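Next comes target.pdb, with PDB, C-alpha atoms.
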ATOM      1  CA  MET A   1     123.841  92.561 110.858
ATOM      2  CA  THR A   2     121.733  95.123 112.696
ATOM      3  CA  ARG A   3     120.584  93.801 116.054
ATOM      4  CA  VAL A   4     116.970  94.673 116.839
ATOM      5  CA  ALA A   5     115.747  93.845 120.347
ATOM      6  CA  LEU A   6     112.089  92.821 120.431
ATOM      7  CA  ILE A   7     110.579  93.219 123.894
ATOM      8  CA  ASN A   8     107.479  91.058 124.117
ATOM      9  CA  ALA A   9     104.669  90.885 126.657
ATOM     10  CA  THR A  10     103.186  87.718 125.187
ATOM     11  CA  PRO A  11     104.766  84.811 123.280
ATOM     12  CA  GLY A  12     102.205  85.254 120.489
ATOM     13  CA  ALA A  13     103.809  88.539 119.395
ATOM     14  CA  ILE A  14     107.209  87.024 118.718
ATOM     15  CA  GLY A  15     106.367  85.234 115.472
ATOM     16  CA  PRO A  16     104.666  88.197 113.760
ATOM     17  CA  ALA A  17     107.451  90.589 114.792
ATOM     18  CA  THR A  18     110.279  88.361 113.584
ATOM     19  CA  ALA A  19     108.422  87.448 110.389
ATOM     20  CA  ALA A  20     107.925  91.122 109.538
ATOM     21  CA  LEU A  21     111.626  91.822 110.060
ATOM     22  CA  ALA A  22     112.542  88.881 107.821
ATOM     23  CA  GLU A  23     110.240  90.204 105.100
ATOM     24  CA  ARG A  24     110.772  93.943 105.324
ATOM     25  CA  PHE A  25     114.226  94.271 106.971
ATOM     26  CA  PRO A  26     116.152  91.051 106.267
ATOM     27  CA  ALA A  27     119.453  92.577 107.402
ATOM     28  CA  ALA A  28     118.061  92.783 110.929
ATOM     29  CA  GLU A  29     119.070  90.222 113.540
ATOM     30  CA  PRO A  30     116.121  89.805 115.935
ATOM     31  CA  TRP A  31     116.968  89.536 119.632
ATOM     32  CA  THR A  32     113.885  88.282 121.421
ATOM     33  CA  LEU A  33     113.235  89.315 125.019
ATOM     34  CA  LEU A  34     110.084  88.011 126.709
ATOM     35  CA  ASP A  35     108.365  88.855 129.977
ATOM     36  CA  ASP A  36     105.155  86.884 129.555
ATOM     37  CA  LYS A  37     103.525  88.484 132.592
ATOM     38  CA  LEU A  38     103.738  92.044 131.314
ATOM     39  CA  LEU A  39     100.306  91.732 129.717
ATOM     40  CA  ALA A  40      98.624  89.645 132.421
ATOM     41  CA  ASP A  41      99.894  91.938 135.169
ATOM     42  CA  ALA A  42      98.517  94.978 133.321
ATOM     43  CA  SER A  43      94.876  93.946 133.791
ATOM     44  CA  GLU A  44      94.394  97.015 135.995
ATOM     45  CA  GLY A  45      96.364  99.305 133.704
ATOM     46  CA  LEU A  46      99.975 100.390 133.420
ATOM     47  CA  THR A  47     101.151 100.746 137.027
ATOM     48  CA  PRO A  48     104.388 102.474 138.076
ATOM     49  CA  ASP A  49     105.898  99.071 138.903
ATOM     50  CA  LEU A  50     105.093  97.734 135.430
ATOM     51  CA  ALA A  51     106.466 100.872 133.805
ATOM     52  CA  GLU A  52     109.711 100.456 135.721
ATOM     53  CA  ARG A  53     109.876  96.786 134.737
ATOM     54  CA  MET A  54     109.642  97.736 131.076
ATOM     55  CA  ARG A  55     112.241 100.476 131.493
ATOM     56  CA  ARG A  56     114.644  97.913 132.930
ATOM     57  CA  LEU A  57     114.072  95.649 129.938
ATOM     58  CA  ILE A  58     114.725  98.523 127.537
ATOM     59  CA  ASP A  59     117.913  99.401 129.428
ATOM     60  CA  TYR A  60     118.986  95.746 129.358
ATOM     61  CA  ALA A  61     118.536  95.631 125.578
ATOM     62  CA  VAL A  62     120.443  98.867 125.012
ATOM     63  CA  ARG A  63     123.291  97.858 127.303
ATOM     64  CA  GLY A  64     123.388  94.470 125.605
ATOM     65  CA  GLY A  65     124.250  96.013 122.263
ATOM     66  CA  ALA A  66     120.906  96.457 120.508
ATOM     67  CA  ASP A  67     121.015  98.880 117.577
ATOM     68  CA  ALA A  68     117.292  99.495 118.030
ATOM     69  CA  VAL A  69     114.494  98.378 120.331
ATOM     70  CA  LEU A  70     110.909  97.575 119.378
ATOM     71  CA  LEU A  71     108.190  97.056 121.979
ATOM     72  CA  THR A  72     105.518  94.700 120.689
ATOM     73  CA  CYS A  73     102.753  95.404 123.236
ATOM     74  CA  SER A  74     100.707  98.540 122.569
ATOM     75  CA  LEU A  75      99.957  99.046 126.271
ATOM     76  CA  TYR A  76     103.598 100.000 126.777
ATOM     77  CA  GLY A  77     103.906 102.285 123.778
ATOM     78  CA  GLU A  78     103.999 105.483 125.795
ATOM     79  CA  LEU A  79     107.144 104.260 127.552
ATOM     80  CA  ALA A  80     108.894 103.899 124.211
ATOM     81  CA  ARG A  81     108.022 107.478 123.325
ATOM     82  CA  ALA A  82     109.262 108.737 126.700
ATOM     83  CA  THR A  83     112.532 106.781 126.679
ATOM     84  CA  ALA A  84     115.762 108.680 126.170
ATOM     85  CA  ALA A  85     118.215 106.159 124.725
ATOM     86  CA  PRO A  86     121.249 106.252 122.429
ATOM     87  CA  VAL A  87     119.400 103.991 119.950
ATOM     88  CA  PRO A  88     115.868 104.214 118.499
ATOM     89  CA  VAL A  89     113.177 102.790 120.792
ATOM     90  CA  LEU A  90     109.938 102.274 118.880
ATOM     91  CA  ALA A  91     106.401 101.982 120.146
ATOM     92  CA  PRO A  92     104.588  98.984 118.650
ATOM     93  CA  ASP A  93     102.207 100.744 116.306
ATOM     94  CA  ASP A  94     103.267 104.359 115.839
ATOM     95  CA  ALA A  95     104.603 103.541 112.369
ATOM     96  CA  ALA A  96     101.357 101.744 111.490
ATOM     97  CA  PHE A  97      99.362 104.781 112.619
ATOM     98  CA  ASP A  98     101.535 106.993 110.417
ATOM     99  CA  ASP A  99     101.060 104.710 107.409
ATOM    100  CA  LEU A 100      97.318 104.503 107.988
ATOM    101  CA  LEU A 101      96.739 108.209 108.473
ATOM    102  CA  ALA A 102      98.873 109.061 105.438
ATOM    103  CA  LEU A 103      95.953 107.725 103.392
ATOM    104  CA  GLY A 104      93.644 110.339 104.873
ATOM    105  CA  PRO A 105      90.894 107.813 105.642
ATOM    106  CA  ARG A 106      87.473 109.087 106.650
ATOM    107  CA  ARG A 107      86.431 105.926 108.487
ATOM    108  CA  VAL A 108      88.664 103.175 109.917
ATOM    109  CA  LEU A 109      87.808  99.763 111.340
ATOM    110  CA  VAL A 110      90.000  98.788 114.309
ATOM    111  CA  LEU A 111      90.113  95.107 115.291
ATOM    112  CA  ALA A 112      91.492  93.619 118.510
ATOM    113  CA  SER A 113      91.132  90.433 120.519
ATOM    114  CA  VAL A 114      92.065  92.118 123.832
ATOM    115  CA  ALA A 115      89.695  94.819 125.070
ATOM    116  CA  ALA A 116      92.470  96.900 126.671
ATOM    117  CA  ALA A 117      94.442  96.941 123.419
ATOM    118  CA  LEU A 118      91.354  98.078 121.519
ATOM    119  CA  ARG A 119      90.679 100.919 123.966
ATOM    120  CA  ASP A 120      94.314 101.991 123.832
ATOM    121  CA  SER A 121      94.445 102.059 120.034
ATOM    122  CA  LEU A 122      91.148 103.919 119.706
ATOM    123  CA  THR A 123      92.201 106.516 122.275
ATOM    124  CA  ARG A 124      95.509 107.220 120.588
ATOM    125  CA  LEU A 125      94.069 107.257 117.082
ATOM    126  CA  ARG A 126      91.388 109.739 118.139
ATOM    127  CA  ALA A 127      94.094 111.969 119.579
ATOM    128  CA  ARG A 128      96.123 111.741 116.365
ATOM    129  CA  ALA A 129      93.234 112.167 113.931
ATOM    130  CA  PRO A 130      90.157 113.641 115.638
ATOM    131  CA  GLY A 131      88.359 114.051 112.319
ATOM    132  CA  THR A 132      88.596 110.357 111.423
ATOM    133  CA  GLN A 133      85.636 108.147 112.300
ATOM    134  CA  LEU A 134      86.683 104.973 114.111
ATOM    135  CA  VAL A 135      84.783 101.722 114.448
ATOM    136  CA  GLY A 136      86.235  99.454 117.130
ATOM    137  CA  LEU A 137      85.489  95.732 117.253
ATOM    138  CA  HIS A 138      86.503  93.411 120.082
ATOM    139  CA  VAL A 139      86.910  89.852 118.768
ATOM    140  CA  PRO A 140      87.939  87.855 121.875
ATOM    141  CA  GLU A 141      87.711  84.468 120.173
ATOM    142  CA  ALA A 142      90.584  85.548 117.895
ATOM    143  CA  PHE A 143      93.007  85.661 120.844
ATOM    144  CA  THR A 144      94.087  82.039 120.425
ATOM    145  CA  ALA A 145      93.274  81.591 116.730
ATOM    146  CA  THR A 146      95.921  81.157 114.055
ATOM    147  CA  GLY A 147      96.170  80.809 110.306
ATOM    148  CA  GLU A 148      92.999  80.697 108.256
ATOM    149  CA  GLU A 149      90.850  80.440 111.386
ATOM    150  CA  LEU A 150      92.163  83.810 112.553
ATOM    151  CA  THR A 151      91.432  85.432 109.207
ATOM    152  CA  ASN A 152      87.937  83.948 109.079
ATOM    153  CA  LEU A 153      87.085  85.095 112.607
ATOM    154  CA  LEU A 154      88.185  88.653 111.892
ATOM    155  CA  LEU A 155      86.440  88.698 108.532
ATOM    156  CA  THR A 156      83.172  87.450 110.019
ATOM    157  CA  ALA A 157      83.295  90.058 112.784
ATOM    158  CA  ALA A 158      84.128  92.853 110.347
ATOM    159  CA  GLU A 159      81.795  91.879 107.525
ATOM    160  CA  ARG A 160      78.946  94.278 108.233
ATOM    161  CA  HIS A 161      81.328  97.257 108.379
ATOM    162  CA  LEU A 162      83.528  96.618 105.360
ATOM    163  CA  SER A 163      81.397  98.561 102.886
ATOM    164  CA  THR A 164      81.522 101.677 105.075
ATOM    165  CA  VAL A 165      85.241 101.955 105.911
ATOM    166  CA  ASP A 166      88.315 103.046 103.977
ATOM    167  CA  ALA A 167      90.909 100.985 105.852
ATOM    168  CA  VAL A 168      91.412  98.377 108.567
ATOM    169  CA  LEU A 169      93.858  98.468 111.478
ATOM    170  CA  LEU A 170      94.830  95.336 113.408
ATOM    171  CA  ALA A 171      95.531  96.589 116.903
ATOM    172  CA  GLN A 172      97.731  93.725 118.143
ATOM    173  CA  TYR A 173     100.833  91.952 116.906
ATOM    174  CA  THR A 174      99.136  88.607 117.474
ATOM    175  CA  LEU A 175      96.614  89.519 114.760
ATOM    176  CA  ALA A 176      99.227  90.642 112.235
ATOM    177  CA  PRO A 177      99.425  87.304 110.350
ATOM    178  CA  ALA A 178      95.939  88.110 109.000
ATOM    179  CA  THR A 179      97.112  91.379 107.410
ATOM    180  CA  ALA A 180      97.708  90.160 103.858
ATOM    181  CA  PRO A 181      94.794  87.656 103.762
ATOM    182  CA  LEU A 182      92.349  90.294 104.987
ATOM    183  CA  ALA A 183      93.586  92.804 102.428
ATOM    184  CA  THR A 184      93.142  90.234  99.664
ATOM    185  CA  ARG A 185      89.674  89.173 100.750
ATOM    186  CA  THR A 186      88.292  92.635 101.532
ATOM    187  CA  GLY A 187      90.011  94.733  98.869
ATOM    188  CA  LEU A 188      90.850  97.267 101.584
ATOM    189  CA  PRO A 189      94.219  98.502 102.830
ATOM    190  CA  VAL A 190      94.986  96.647 106.074
ATOM    191  CA  PHE A 191      97.628  97.926 108.478
ATOM    192  CA  SER A 192      99.408  96.173 111.332
ATOM    193  CA  GLY A 193     102.219  97.116 113.668
ATOM    194  CA  PRO A 194     104.928  94.590 112.737
ATOM    195  CA  ARG A 195     105.161  95.408 109.021
ATOM    196  CA  SER A 196     105.147  99.161 109.449
ATOM    197  CA  ALA A 197     107.594  98.975 112.362
ATOM    198  CA  ALA A 198     109.995  96.787 110.375
ATOM    199  CA  GLU A 199     110.036  99.325 107.548
ATOM    200  CA  ARG A 200     110.553 102.187 110.009
ATOM    201  CA  LEU A 201     113.445 100.335 111.667
ATOM    202  CA  LYS A 202     115.073  99.721 108.278
ATOM    203  CA  ALA A 203     114.851 103.435 107.515
ATOM    204  CA  LEU A 204     116.323 104.342 110.920
ATOM    205  CA  VAL A 205     119.128 101.845 111.372
ATOM    206  CA  GLY A 206     119.429  99.830 108.167
ATOM    207  CA  ARG A 207     122.943  99.417 106.890
TER     208      ARG A 207
END

As structure tokens, the full file:
Amino acid sequence: MTRVALINATPGAIGPATAALAERFPAAEPWTLLDDKLLADASEGLTPDLAERMRRLIDYAVRGGADAVLLTCSLYGELARATAAPVPVLAPDDAAFDDLLALGPRRVLVLASVAAALRDSLTRLRARAPGTQLVGLHVPEAFTATGEELTNLLLTAAERHLSTVDAVLLAQYTLAPATAPLATRTGLPVFSGPRSAAERLKALVGR
């Protein structure tokens, strides 16, 4: 088995991350690490203390025998990119961005239930693809929703934009369970971090 350490800032990200590994990279053995204050403590942004806390978690995972590390909170993605480690350390949604932009979309709808995550995703997507039009929607009521309720909330919020966009991006792992239902109900390609990251991990460290 290939041990993949999942470093989580909220318990809600654990299920989507492990489910995506089971579906897309079944040979992976998830190792779940949780600091459930990493998101709450980042209300004022990514401070040096928080950055160091995440670095210690990454180091703990690597020293503990992880073959790869995946961060599941987009606010900490830059730390993954800046980490020099003997194993791959993935940002939460870089693979999803790659998959999305490979389509060459002209206009993308970005959905998030946390305002900071939405701002972060929009900022990084604009930097990656300045010619792509982005529509960002904050859907706070989706933060605690699950199952069909989650899908319905996102669909209702997105409805007026669906005829004008080429693709949808779910900007948080907690929203990822709605990926397939939204794609089915909208007829649009829908991208989320866990699925794309699982496929990237399989390509990097799959045995």

**OP:** Using the chain letters and numbers from the file, give me the residues hit by the PyMOL selection byres ((chain A and resi 13) around 12), as a ChimeraX atom specification.
**Re:** /A:6-12,14-20,32-36,39,70-74,92,143-144,171-177,192-194

Name the residues in contact with Ala80 of chain A at a cut-off of 8 Å, using all atoms listed in the file, excluding same-chain residues fewer than 5 positions from it; report them as a PDB file with C-alpha atoms, in the coordinates of the input.
ATOM      1  CA  LEU A  71     108.190  97.056 121.979  1.00  0.00           C
ATOM      2  CA  VAL A  89     113.177 102.790 120.792  1.00  0.00           C
ATOM      3  CA  LEU A  90     109.938 102.274 118.880  1.00  0.00           C
ATOM      4  CA  ALA A  91     106.401 101.982 120.146  1.00  0.00           C
TER       5      ALA A  91
END

Subject >> Nearest residue to Asp120 of chain A from the set A:Gly77, A:Val190, A:Arg63, A:Gly147 (distances using all atoms listed in the file) >> reply: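 Between A:Gly77, A:Val190, A:Arg63, A:Gly147, the residue approaching Asp120 of chain A most closely is A:Gly77.
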
**OP:** Please evaluate the PyMOL selection byres ((chain A and resi 164) around 12) against the displayed coordinates and give the resulting residues as a list in words.
**Re:**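 What the PyMOL selection byres ((chain A and resi 164) around 12) grabs from the file is Pro105, Arg106, Arg107, Val108, Leu109, Gln133, Leu134, Val135, Ala158, Glu159, Arg160, His161, Leu162, Ser163, Val165, Asp166, Ala167, Val168, Thr186 and Leu188 of chain A.
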
Original post:
So which residues get picked by the PyMOL selection byres ((chain A and resi 199) around 10) here, written as a PyMOL selection string?
Top reply: chain A and resi 20-21+23-25+95-96+194-198+200-204+206

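We find atom CA of Ser121 of chain A and atom CA of Pro140 of chain A to be spaced 15.7 Å apart.
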
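Taking atom CA of Glu149 of chain A as the reference point, atom CA of Leu169 of chain A is found at 18.3 Å.
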
Original post:
Rounded to one decimal in Å, what is the spacing between atom CA of Ala112 of chain A and atom CA of Ala157 of chain A?
Top reply: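 We find that atom CA of Ala112 of chain A and atom CA of Ala157 of chain A lie 10.6 Å from each other.
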
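Distances to Glu141 of chain A were evaluated for A:Leu153, A:Leu57, A:Ala27, A:Pro189 using only C-alpha atoms, and the minimum falls at A:Leu153.
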
Subject >> Of the listed residues A:Leu137, A:Val110, A:Met54, A:Ala116, that which approaches Phe97 of chain A most closely, counting only C-alpha atoms >> reply: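 The closest residue to Phe97 of chain A is A:Val110.
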
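Considering the residues A:Leu154, A:Ala68, A:Leu100, A:Val62 and counting all atoms listed in the file, Ala178 of chain A has its shortest atom-to-atom contact with A:Leu154.
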
Original post:
From the set A:Leu38, A:Ala66, A:Ala84, A:Val139, which residue has the shortest atom-to-atom contact distance to Arg3 of chain A, counting only C-alpha atoms?
Top reply: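 Smallest separation from Arg3 of chain A among the options: A:Ala66.
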
Original post:
With distances taken over all atoms listed in the file, which of A:Gly136, A:Pro30, A:Pro181, A:Pro88 is nearest to Ala117 of chain A?
Top reply: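 Nearest candidate to Ala117 of chain A out of A:Gly136, A:Pro30, A:Pro181, A:Pro88: A:Gly136.
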
Subject >> Spatial neighbours of Arg207 of chain A, 10 Å, only C-alpha atoms, chain gap at least 6 places, as JSON, numbers by chain >> reply: {"A": [1, 2, 27, 28]}

Return as AutoDock Vina command-line options the centre and edge lengths, in Å with one decimal, of the box along x, y and z that encloses every atom of segment 124-142 of chain A in the file, padded by 6 Å per side.
--center_x 90.5 --center_y 99.3 --center_z 116.6 --size_x 23.3 --size_y 41.6 --size_z 22.5
